[in-house]
2 protein chains.
Amino acid sequence: MNWNDGRMKLPKYADVCAAAERLTGYAVRTPLLESPWLNERTGARLLIKAEPLQRTGSFKFRGAFNCISQIESAVRARGVVAYSSGNHAQAVAAVAKLHDIPATIVMPHDAPAVKVAGTRRHGADIVRYDRTGENREAIAERIAEENGATLVRPFEDFNVIAGQGTVGLEIAAECRVRRIAPDFVVVPASGGGLMAGCALAISAEMPEAALYTAEPCGYDDHARSFAAGTRQQVKDRGVASLCDALLSPEPGERTFAINHRRVRGGVTADDDAVLRAMAAAFHHLKLVIEPGGAAALAAVLNGELEITGKTVLVVASGGNVDPDVFGRALEHASDA
Amino acid sequence: MNWNDGRMKLPKYADVCAAAERLTGYAVRTPLLESPWLNERTGARLLIKAEPLQRTGSFKFRGAFNCISQIESAVRARGVVAYSSGNHAQAVAAVAKLHDIPATIVMPHDAPAVKVAGTRRHGADIVRYDRTGENREAIAERIAEENGATLVRPFEDFNVIAGQGTVGLEIAAECRVRRIAPDFVVVPASGGGLMAGCALAISAEMPEAALYTAEPCGYDDHARSFAAGTRQQVKDRGVASLCDALLSPEPGERTFAINHRRVRGGVTADDDAVLRAMAAAFHHLKLVIEPGGAAALAAVLNGELEITGKTVLVVASGGNVDPDVFGRALEHASDA
C-alpha cells in the first residue's frame, strides 16, 4: 500500500491492528493511571492513558513509526520531511534516526524550546517559519520536492492515523483484561488524527463508550464541526493558548470523515483549567503532562461532562513542556 | 502467620511471590521506562522502574498492603499505627482506608507538606514529633499499646519486606519477557526494606545482576555497612539532605541480614546530583520523582558506577515532592 495513495481512502480497524503489530517492540505500551483522590473529587472513576511515557514524550511516535516504516526503502533513504510545532517533529526525527535516514522539520518560531531541542537531539535539520504569516505545508512540500524526500503529514496521513489508533487499541485491551467498561473516552484534538485512530479502535471494541474530543477554548473547531455536521474553521487564529500542540485551524478532511460518524461531541478547556489539570497530574499521578496533552483531563476535571458515577477514560497525549510553563502549573494548589 | 513473630525470621523468595499474588488487582504493575537520550548520554542502557506511578506515589503501598491485609481481622479492626516521614505514612493510611480501619501516623515536624496532606487525605490521624529530639518508634509503640492497634514498621517487618520485593519480581518478569539481562540493579535505601525485598526476588531470578544500594551523601550507612560487614550508623544525623525519605540512621537488622549476602555495595549522590536527576526525569521520562526516589538515578547519571556498555536497572522509588523542591530541580538544564 502506498501511504500517499488516494487522499480520501480511510483507514479501518484492521489497519490499526496491523499498526499495532508493526509497533510491537518499538512503541511503549503506556499504562492507564488512576488516582483515588481524583476519583473522589470527581465522583467518577478516571483512568488516564499516559502517553507522555511514550517514546519522544507523546503519542506521535506511533503514527510516525507506522508511516515511515512502510515507505519503500529506496524512497525512504532519501529522507523525510514534516511540519509540526514539536511533538510530530520529535517523533518523525526519532523514527528517521532509527532508520538512519535524514529528516527535515519545519517548525514555527514560537515552538517550545524543549520541543526544538528534542527534535535537534534526534539529528533532524530544523527550518523555522512564522506561524501567523507563512504556510508551513507549502514550505515542507517544497523541501520534500527538492530532496526527493517523503512528506509525513501530521494527521491526514492514512498510516499516521492507523498508528495513533494503537492508543485506542491498548485502551480497549487493558479495559477488557481489567473488566472496565468506560462510559466516556475523551481525547485531545488538533487535526484530529489521534481521535480518528482511537475512534476506529474503540468504536469497534467498545461501541458503548461515548467519544469526545477536547480542545483549547478558541480552538474548538472539532466541537463546532461536530455540532454543524461539516468542518468548521477556528474563528480567530490569533487567540493566545498555552496548548501549542492543539492549534490546528480546522479538523482534517480525512480525520473528520472518520470522526464525525463516531464522536459524540467536543469539550473545551481554558488555560487556567489546563494548568490546574497539569498540577493535579503532578500531585496525584506523578506524571508530567504538557498543556495540550492535558486538555482532556482539564475539561473533565472542570466539569465539562456530566460524569458522576461514570467511568471516564482520559487520554493524556504528551508531556513535552518547558520548565517555566510547568512551573506556572506548580503554583496551583495541590487540590486542583 | 503472625507478622510480629520472631524478629529475625527472614522472608524468602517464596514470600515475595505470595505477596505478589496478594497485591494483584490492588498495586499498580509499574512500567520500566527508557530514554534513548539518557542511554546515549551514559553510554549504557538504563531502564527505570517507575514507582512514583504506584498507588500513593511510592513503592511503600506494596509492603503496607501485604502486611495489613494479613493481620487477623478482629485485631486489624482496632487499627494500625506507623511512623514515617511520609511515604510509608501515606501507604499505611491508604491501606487502612481500604480496610475501613483507623490509622495513626507519627510524622516529623519537617515532613514535606505534600506527604502530610496526602496522609491526612486518606483519613489518618497524624501525631507530629521532633525528628532530632524524640524517639518516633517509642511514640508509635505507646500509641499502639494504648489503642490495641498494630504497629506497621516501615522496613523491619517480615511482610513489609516481602511486599516491597514485588518491585524486584516485576523487574525480573519484564526483563524475562523483553529478554533484557541487567548487569546492575540500583535501589534507593533508607532502612533497606526495598533493597532487601528486591534482593530476594532478583538474586533468585537474575543472579548475575550486581545489586547496589543508593543513598544520600552523609547517610551512606548501607554503603559503609557493606564495606565493614557489620551494620554501621550514620555519623552525623544533623547533615542536611533533600532526600527526606532516606534518612534512617542505620540499616535494619533484618534487612541487613538479607542484604549483606546479596548486595555488592552502595553508591551515593549529593543534593545537586539528585536535583539534576529529577530534572532529567522531568525532561526525558516525563516522570515526577522525589529527591529520595531519585537517589539511584542520580548516582548512576553522576558516574558512580562504571556502566559503559552495560544494562542498568534503576529503581525510582517515589514521587511525593513539594512543588517548590521540584521547581528547584527544574532550574537545572535539560541536558542534565
# chains A, B, ... in the order shown; residues from 1 in each chain; ligands from 1
>>> residues_around(residues="range 187-191 of chain B", least_positions_apart="3", cutoff="8 Å", atoms="only C-alpha atoms", output="list in words")
Pro154, Phe155, Glu156, Leu194, Met195, Leu211, Tyr212, Thr213, Ala214, Glu215, His222, Ala245, Leu246, Leu247, Ser248, Pro249, Glu250, Pro251, Gly252, Thr255, Gly292, Gly293, Ala294, Ala295, Ala296, Val314, Val315, Ala316 and Ser317 of chain B
>>> interface_residues(of="chain B", to="chain A", cutoff="10 Å", atoms="only C-alpha atoms", output="PDB file with N, CA and C atoms, in the first residue's frame")
ATOM      1  N   GLY B  25      -4.276  -6.767  41.454  1.00  0.00           N
ATOM      2  CA  GLY B  25      -5.543  -6.038  41.436  1.00  0.00           C
ATOM      3  C   GLY B  25      -5.567  -4.875  42.407  1.00  0.00           C
ATOM      4  N   VAL B  28      -0.292  -1.205  41.512  1.00  0.00           N
ATOM      5  CA  VAL B  28      -0.048  -0.965  40.093  1.00  0.00           C
ATOM      6  C   VAL B  28       1.193  -1.749  39.669  1.00  0.00           C
ATOM      7  N   ARG B  29       1.098  -2.422  38.555  1.00  0.00           N
ATOM      8  CA  ARG B  29       2.286  -3.046  37.962  1.00  0.00           C
ATOM      9  C   ARG B  29       2.988  -1.938  37.197  1.00  0.00           C
ATOM     10  N   THR B  30       3.969  -1.316  37.806  1.00  0.00           N
ATOM     11  CA  THR B  30       4.562  -0.099  37.232  1.00  0.00           C
ATOM     12  C   THR B  30       5.486  -0.428  36.054  1.00  0.00           C
ATOM     13  N   PRO B  31       5.562   0.488  35.099  1.00  0.00           N
ATOM     14  CA  PRO B  31       6.361   0.210  33.893  1.00  0.00           C
ATOM     15  C   PRO B  31       7.862   0.441  34.105  1.00  0.00           C
ATOM     16  N   LEU B  32       8.642  -0.152  33.229  1.00  0.00           N
ATOM     17  CA  LEU B  32      10.062   0.180  33.089  1.00  0.00           C
ATOM     18  C   LEU B  32      10.178   1.233  31.996  1.00  0.00           C
ATOM     19  N   LEU B  33      10.710   2.391  32.327  1.00  0.00           N
ATOM     20  CA  LEU B  33      10.826   3.463  31.348  1.00  0.00           C
ATOM     21  C   LEU B  33      12.253   3.524  30.800  1.00  0.00           C
ATOM     22  N   GLU B  34      12.360   4.066  29.604  1.00  0.00           N
ATOM     23  CA  GLU B  34      13.678   4.142  28.972  1.00  0.00           C
ATOM     24  C   GLU B  34      13.745   5.405  28.133  1.00  0.00           C
ATOM     25  N   SER B  35      14.870   6.028  28.100  1.00  0.00           N
ATOM     26  CA  SER B  35      15.060   7.214  27.275  1.00  0.00           C
ATOM     27  C   SER B  35      16.293   7.033  26.406  1.00  0.00           C
ATOM     28  N   PRO B  36      16.090   7.050  25.071  1.00  0.00           N
ATOM     29  CA  PRO B  36      17.259   6.935  24.179  1.00  0.00           C
ATOM     30  C   PRO B  36      18.317   7.993  24.512  1.00  0.00           C
ATOM     31  N   TRP B  37      17.844   9.164  24.944  1.00  0.00           N
ATOM     32  CA  TRP B  37      18.788  10.234  25.230  1.00  0.00           C
ATOM     33  C   TRP B  37      19.635   9.922  26.466  1.00  0.00           C
ATOM     34  N   ALA B  50       9.341   2.643  37.497  1.00  0.00           N
ATOM     35  CA  ALA B  50       8.676   3.907  37.821  1.00  0.00           C
ATOM     36  C   ALA B  50       7.690   3.776  38.982  1.00  0.00           C
ATOM     37  N   GLU B  51       8.209   3.648  40.193  1.00  0.00           N
ATOM     38  CA  GLU B  51       7.338   3.517  41.360  1.00  0.00           C
ATOM     39  C   GLU B  51       6.605   4.798  41.770  1.00  0.00           C
ATOM     40  N   PRO B  52       6.993   5.978  41.268  1.00  0.00           N
ATOM     41  CA  PRO B  52       6.103   7.125  41.514  1.00  0.00           C
ATOM     42  C   PRO B  52       4.693   6.881  40.969  1.00  0.00           C
ATOM     43  N   LEU B  53       4.569   5.974  39.996  1.00  0.00           N
ATOM     44  CA  LEU B  53       3.253   5.683  39.424  1.00  0.00           C
ATOM     45  C   LEU B  53       2.475   4.672  40.265  1.00  0.00           C
ATOM     46  N   GLN B  54       3.095   4.215  41.344  1.00  0.00           N
ATOM     47  CA  GLN B  54       2.412   3.297  42.254  1.00  0.00           C
ATOM     48  C   GLN B  54       1.324   4.043  43.038  1.00  0.00           C
ATOM     49  N   ARG B  55       0.336   3.334  43.533  1.00  0.00           N
ATOM     50  CA  ARG B  55      -0.660   3.925  44.446  1.00  0.00           C
ATOM     51  C   ARG B  55       0.036   4.626  45.588  1.00  0.00           C
ATOM     52  N   THR B  56      -0.429   5.771  45.977  1.00  0.00           N
ATOM     53  CA  THR B  56       0.145   6.656  46.996  1.00  0.00           C
ATOM     54  C   THR B  56       1.497   7.230  46.572  1.00  0.00           C
ATOM     55  N   GLY B  57       1.901   7.024  45.336  1.00  0.00           N
ATOM     56  CA  GLY B  57       3.095   7.703  44.827  1.00  0.00           C
ATOM     57  C   GLY B  57       4.427   7.115  45.233  1.00  0.00           C
ATOM     58  N   SER B  58       4.438   5.937  45.826  1.00  0.00           N
ATOM     59  CA  SER B  58       5.716   5.279  46.115  1.00  0.00           C
ATOM     60  C   SER B  58       5.506   3.775  46.276  1.00  0.00           C
ATOM     61  N   ALA B  94      -3.539   4.743  53.352  1.00  0.00           N
ATOM     62  CA  ALA B  94      -4.367   4.326  52.213  1.00  0.00           C
ATOM     63  C   ALA B  94      -4.863   2.892  52.385  1.00  0.00           C
ATOM     64  N   VAL B 114       3.457  17.981  51.162  1.00  0.00           N
ATOM     65  CA  VAL B 114       2.674  17.150  50.253  1.00  0.00           C
ATOM     66  C   VAL B 114       2.442  15.759  50.856  1.00  0.00           C
ATOM     67  N   ALA B 117      -0.189  16.205  53.719  1.00  0.00           N
ATOM     68  CA  ALA B 117      -1.519  16.379  53.119  1.00  0.00           C
ATOM     69  C   ALA B 117      -2.040  15.062  52.560  1.00  0.00           C
ATOM     70  N   GLY B 118      -1.154  14.307  51.916  1.00  0.00           N
ATOM     71  CA  GLY B 118      -1.559  13.026  51.346  1.00  0.00           C
ATOM     72  C   GLY B 118      -2.014  12.054  52.427  1.00  0.00           C
ATOM     73  N   ARG B 121      -5.360  13.141  53.783  1.00  0.00           N
ATOM     74  CA  ARG B 121      -6.399  12.921  52.783  1.00  0.00           C
ATOM     75  C   ARG B 121      -6.958  11.501  52.860  1.00  0.00           C
ATOM     76  N   HIS B 122      -6.101  10.570  53.272  1.00  0.00           N
ATOM     77  CA  HIS B 122      -6.569   9.187  53.420  1.00  0.00           C
ATOM     78  C   HIS B 122      -7.273   8.976  54.753  1.00  0.00           C
ATOM     79  N   ARG B 178      11.108  -9.277  27.887  1.00  0.00           N
ATOM     80  CA  ARG B 178      11.772  -8.419  26.907  1.00  0.00           C
ATOM     81  C   ARG B 178      13.211  -8.861  26.624  1.00  0.00           C
ATOM     82  N   ALA B 279      15.524  16.568  37.250  1.00  0.00           N
ATOM     83  CA  ALA B 279      15.330  17.330  36.012  1.00  0.00           C
ATOM     84  C   ALA B 279      15.412  16.406  34.801  1.00  0.00           C
ATOM     85  N   ALA B 281      14.632  13.300  34.691  1.00  0.00           N
ATOM     86  CA  ALA B 281      13.393  12.505  34.644  1.00  0.00           C
ATOM     87  C   ALA B 281      12.231  13.339  34.126  1.00  0.00           C
ATOM     88  N   PHE B 282      12.194  14.611  34.516  1.00  0.00           N
ATOM     89  CA  PHE B 282      11.161  15.521  34.002  1.00  0.00           C
ATOM     90  C   PHE B 282      11.279  15.636  32.481  1.00  0.00           C
ATOM     91  N   HIS B 283      12.482  15.879  31.999  1.00  0.00           N
ATOM     92  CA  HIS B 283      12.664  16.136  30.576  1.00  0.00           C
ATOM     93  C   HIS B 283      12.573  14.872  29.725  1.00  0.00           C
ATOM     94  N   HIS B 284      13.165  13.803  30.199  1.00  0.00           N
ATOM     95  CA  HIS B 284      13.364  12.650  29.313  1.00  0.00           C
ATOM     96  C   HIS B 284      12.466  11.468  29.634  1.00  0.00           C
ATOM     97  N   LEU B 285      11.871  11.448  30.817  1.00  0.00           N
ATOM     98  CA  LEU B 285      10.976  10.340  31.167  1.00  0.00           C
ATOM     99  C   LEU B 285       9.559  10.820  31.438  1.00  0.00           C
ATOM    100  N   LYS B 286       9.386  12.124  31.631  1.00  0.00           N
ATOM    101  CA  LYS B 286       8.084  12.729  31.962  1.00  0.00           C
ATOM    102  C   LYS B 286       7.531  12.176  33.270  1.00  0.00           C
ATOM    103  N   LEU B 287       8.457  11.842  34.144  1.00  0.00           N
ATOM    104  CA  LEU B 287       8.109  11.239  35.416  1.00  0.00           C
ATOM    105  C   LEU B 287       8.503  12.188  36.543  1.00  0.00           C
ATOM    106  N   VAL B 288       7.600  12.359  37.514  1.00  0.00           N
ATOM    107  CA  VAL B 288       7.892  13.157  38.706  1.00  0.00           C
ATOM    108  C   VAL B 288       8.558  12.230  39.729  1.00  0.00           C
ATOM    109  N   ILE B 289       9.795  12.528  40.090  1.00  0.00           N
ATOM    110  CA  ILE B 289      10.492  11.732  41.112  1.00  0.00           C
ATOM    111  C   ILE B 289      10.844  12.658  42.274  1.00  0.00           C
ATOM    112  N   GLU B 290      10.660  12.186  43.497  1.00  0.00           N
ATOM    113  CA  GLU B 290      11.058  12.973  44.660  1.00  0.00           C
ATOM    114  C   GLU B 290      12.559  12.782  44.890  1.00  0.00           C
ATOM    115  N   GLY B 318       9.897   6.765  44.479  1.00  0.00           N
ATOM    116  CA  GLY B 318       8.730   7.553  44.860  1.00  0.00           C
ATOM    117  C   GLY B 318       8.694   8.909  44.188  1.00  0.00           C
ATOM    118  N   GLY B 319       7.538   9.553  44.234  1.00  0.00           N
ATOM    119  CA  GLY B 319       7.365  10.835  43.558  1.00  0.00           C
ATOM    120  C   GLY B 319       6.656  11.898  44.377  1.00  0.00           C
ATOM    121  N   ASN B 320       6.657  11.733  45.703  1.00  0.00           N
ATOM    122  CA  ASN B 320       5.936  12.695  46.540  1.00  0.00           C
ATOM    123  C   ASN B 320       6.846  13.853  46.928  1.00  0.00           C
ATOM    124  N   VAL B 321       6.782  14.893  46.128  1.00  0.00           N
ATOM    125  CA  VAL B 321       7.703  16.019  46.291  1.00  0.00           C
ATOM    126  C   VAL B 321       6.921  17.326  46.308  1.00  0.00           C
ATOM    127  N   ASP B 322       7.320  18.225  47.192  1.00  0.00           N
ATOM    128  CA  ASP B 322       6.687  19.540  47.234  1.00  0.00           C
ATOM    129  C   ASP B 322       7.029  20.326  45.973  1.00  0.00           C
ATOM    130  N   PRO B 323       6.073  21.128  45.483  1.00  0.00           N
ATOM    131  CA  PRO B 323       6.302  21.881  44.249  1.00  0.00           C
ATOM    132  C   PRO B 323       7.538  22.787  44.305  1.00  0.00           C
ATOM    133  N   ASP B 324       7.842  23.357  45.471  1.00  0.00           N
ATOM    134  CA  ASP B 324       8.999  24.265  45.499  1.00  0.00           C
ATOM    135  C   ASP B 324      10.311  23.508  45.306  1.00  0.00           C
ATOM    136  N   PHE B 326      10.531  20.683  43.621  1.00  0.00           N
ATOM    137  CA  PHE B 326      10.527  20.292  42.204  1.00  0.00           C
ATOM    138  C   PHE B 326      10.926  21.475  41.333  1.00  0.00           C
ATOM    139  N   GLY B 327      10.463  22.649  41.721  1.00  0.00           N
ATOM    140  CA  GLY B 327      10.835  23.862  40.993  1.00  0.00           C
ATOM    141  C   GLY B 327      12.346  24.071  40.987  1.00  0.00           C
ATOM    142  N   ARG B 328      12.999  23.752  42.100  1.00  0.00           N
ATOM    143  CA  ARG B 328      14.466  23.875  42.143  1.00  0.00           C
ATOM    144  C   ARG B 328      15.099  22.915  41.147  1.00  0.00           C
ATOM    145  N   ALA B 329      14.539  21.710  41.029  1.00  0.00           N
ATOM    146  CA  ALA B 329      15.076  20.745  40.061  1.00  0.00           C
ATOM    147  C   ALA B 329      14.917  21.264  38.635  1.00  0.00           C
ATOM    148  N   LEU B 330      13.776  21.927  38.383  1.00  0.00           N
ATOM    149  CA  LEU B 330      13.502  22.405  37.023  1.00  0.00           C
ATOM    150  C   LEU B 330      14.470  23.492  36.583  1.00  0.00           C
ATOM    151  N   GLU B 331      15.141  24.115  37.552  1.00  0.00           N
ATOM    152  CA  GLU B 331      16.105  25.161  37.181  1.00  0.00           C
ATOM    153  C   GLU B 331      17.360  24.566  36.542  1.00  0.00           C
ATOM    154  N   HIS B 332      17.515  23.252  36.662  1.00  0.00           N
ATOM    155  CA  HIS B 332      18.681  22.613  36.056  1.00  0.00           C
ATOM    156  C   HIS B 332      18.464  22.418  34.557  1.00  0.00           C
ATOM    157  N   ALA B 333      19.545  22.415  33.822  1.00  0.00           N
ATOM    158  CA  ALA B 333      19.475  22.361  32.359  1.00  0.00           C
ATOM    159  C   ALA B 333      18.849  21.058  31.879  1.00  0.00           C
ATOM    160  N   SER B 334      18.284  21.101  30.673  1.00  0.00           N
ATOM    161  CA  SER B 334      17.577  19.950  30.126  1.00  0.00           C
ATOM    162  C   SER B 334      18.534  18.818  29.794  1.00  0.00           C
ATOM    163  N   ASP B 335      19.808  19.128  29.656  1.00  0.00           N
ATOM    164  CA  ASP B 335      20.756  18.063  29.327  1.00  0.00           C
ATOM    165  C   ASP B 335      21.314  17.409  30.577  1.00  0.00           C
TER     166      ASP B 335
END
>>> closest_residue(among="A:Ala299, A:Ile139, A:Ala210, A:Ala277", to="Gly265 in chain A", atoms="only C-alpha atoms")
A:Ala210
>>> residues_around(residues="Leu98 in chain B", least_positions_apart="3", cutoff="10 Å", atoms="only C-alpha atoms", output="list of chain:residue names")
B:Tyr26, B:Phe65, B:Ser69, B:Val92, B:Ala93, B:Ala94, B:Val95, B:Ile101, B:His122
>>> write_last_selection(atoms="C-alpha atoms", output="PDB file, in the first residue's frame")
ATOM      1  CA  TYR B  26      -4.511  -3.655  44.215  1.00  0.00           C
ATOM      2  CA  PHE B  65      -0.800  -3.766  51.822  1.00  0.00           C
ATOM      3  CA  SER B  69      -4.070  -7.457  54.740  1.00  0.00           C
ATOM      4  CA  VAL B  92      -0.410   2.722  55.637  1.00  0.00           C
ATOM      5  CA  ALA B  93      -3.150   5.373  55.670  1.00  0.00           C
ATOM      6  CA  ALA B  94      -4.367   4.326  52.213  1.00  0.00           C
ATOM      7  CA  VAL B  95      -4.408   0.629  53.045  1.00  0.00           C
ATOM      8  CA  ILE B 101      -9.935   0.792  59.887  1.00  0.00           C
ATOM      9  CA  HIS B 122      -6.569   9.187  53.420  1.00  0.00           C
TER      10      HIS B 122
END
>>> select_by_dssp(residues="range 32-256 of chain B", states="helix (DSSP H, G or I)", output="PyMOL selection string")
chain B and resi 36-42+51-53+55-57+60-68+73-76+87-99+113-121+136-147+158-177+193-205+221-228+244-246+253-256
>>> residues_around(residues="Arg153 in chain B", least_positions_apart="3", cutoff="8 Å", atoms="only C-alpha atoms", output="list in words")
Ala82, Tyr83, Glu156, Asp157 and Val160 of chain B
>>> write_last_selection(atoms="N, CA, C and O atoms", output="CSV table (one decimal), in the first residue's frame")
chain,number,residue,atom,x,y,z
B,82,ALA,N,1.8,3.8,62.5
B,82,ALA,CA,3.1,3.8,61.8
B,82,ALA,C,3.8,5.0,62.1
B,82,ALA,O,3.2,6.1,62.5
B,83,TYR,N,5.2,5.0,61.9
B,83,TYR,CA,6.0,6.2,62.0
B,83,TYR,C,6.7,6.3,60.6
B,83,TYR,O,7.1,5.3,60.1
B,156,GLU,N,11.5,-3.1,58.9
B,156,GLU,CA,11.9,-4.3,59.6
B,156,GLU,C,10.9,-5.5,59.7
B,156,GLU,O,11.1,-6.5,60.2
B,157,ASP,N,9.7,-5.2,59.1
B,157,ASP,CA,8.6,-6.2,59.2
B,157,ASP,C,8.8,-7.2,58.1
B,157,ASP,O,9.0,-6.9,56.9
B,160,VAL,N,6.3,-6.6,55.3
B,160,VAL,CA,6.6,-5.4,54.5
B,160,VAL,C,7.8,-5.6,53.6
B,160,VAL,O,7.7,-5.3,52.4
>>> closest_residue(among="B:Asp183, B:Glu146, B:Asp15, B:Glu137", to="Gly165 in chain B", atoms="only C-alpha atoms")
B:Asp15
>>> select_by_dssp(residues="range 43-189 of chain A", states="strand (DSSP E or B)", output="PyMOL selection string")
chain A and resi 45-50+58+80-83+103-108+125-129+150-151+184-188
>>> atom_distance(atom1="CA of Lys9 in chain B", atom2="CA of Arg254 in chain B")
7.9 Å
>>> residues_around(residues="Asp244 in chain A", least_positions_apart="4", cutoff="9 Å", atoms="only C-alpha atoms", output="list in words")
Ser85, Gly86, Asp110, Ala111, Pro112, Pro291 and Gly292 of chain A
>>> write_last_selection(atoms="N, CA, C and O atoms", output="compact mmCIF listing (two decimals), in the first residue's frame")
# COMPACT_ATOMS: atom_id res chain seq x y z
N SER A 85 4.65 21.75 15.37
CA SER A 85 5.10 22.63 16.45
C SER A 85 5.99 21.86 17.42
O SER A 85 6.60 22.45 18.29
N GLY A 86 6.07 20.55 17.28
CA GLY A 86 7.03 19.90 18.15
C GLY A 86 6.87 18.43 18.44
O GLY A 86 7.86 17.71 18.51
N ASP A 110 7.76 30.13 17.34
CA ASP A 110 7.31 30.13 18.75
C ASP A 110 7.11 28.72 19.30
O ASP A 110 6.43 28.53 20.30
N ALA A 111 7.72 27.73 18.69
CA ALA A 111 7.64 26.36 19.24
C ALA A 111 8.36 26.33 20.59
O ALA A 111 9.35 27.03 20.79
N PRO A 112 7.85 25.53 21.55
CA PRO A 112 8.53 25.43 22.85
C PRO A 112 9.98 24.99 22.69
O PRO A 112 10.28 24.11 21.88
N PRO A 291 0.66 21.29 28.23
CA PRO A 291 -0.68 21.91 28.21
C PRO A 291 -1.65 21.23 27.24
O PRO A 291 -2.76 20.83 27.64
N GLY A 292 -1.26 21.07 25.99
CA GLY A 292 -2.16 20.43 25.03
C GLY A 292 -2.50 19.01 25.43
O GLY A 292 -3.63 18.55 25.25
>>> atom_distance(atom1="CA of Asn39 in chain A", atom2="CA of Leu305 in chain A")
14.5 Å
>>> closest_residue(among="A:Thr119, A:Gln164, A:Thr311, A:Thr104", to="Ile48 in chain A", atoms="only C-alpha atoms")
A:Thr311
>>> atom_distance(atom1="CA of Val325 in chain B", atom2="CA of Lys115 in chain B")
13.1 Å
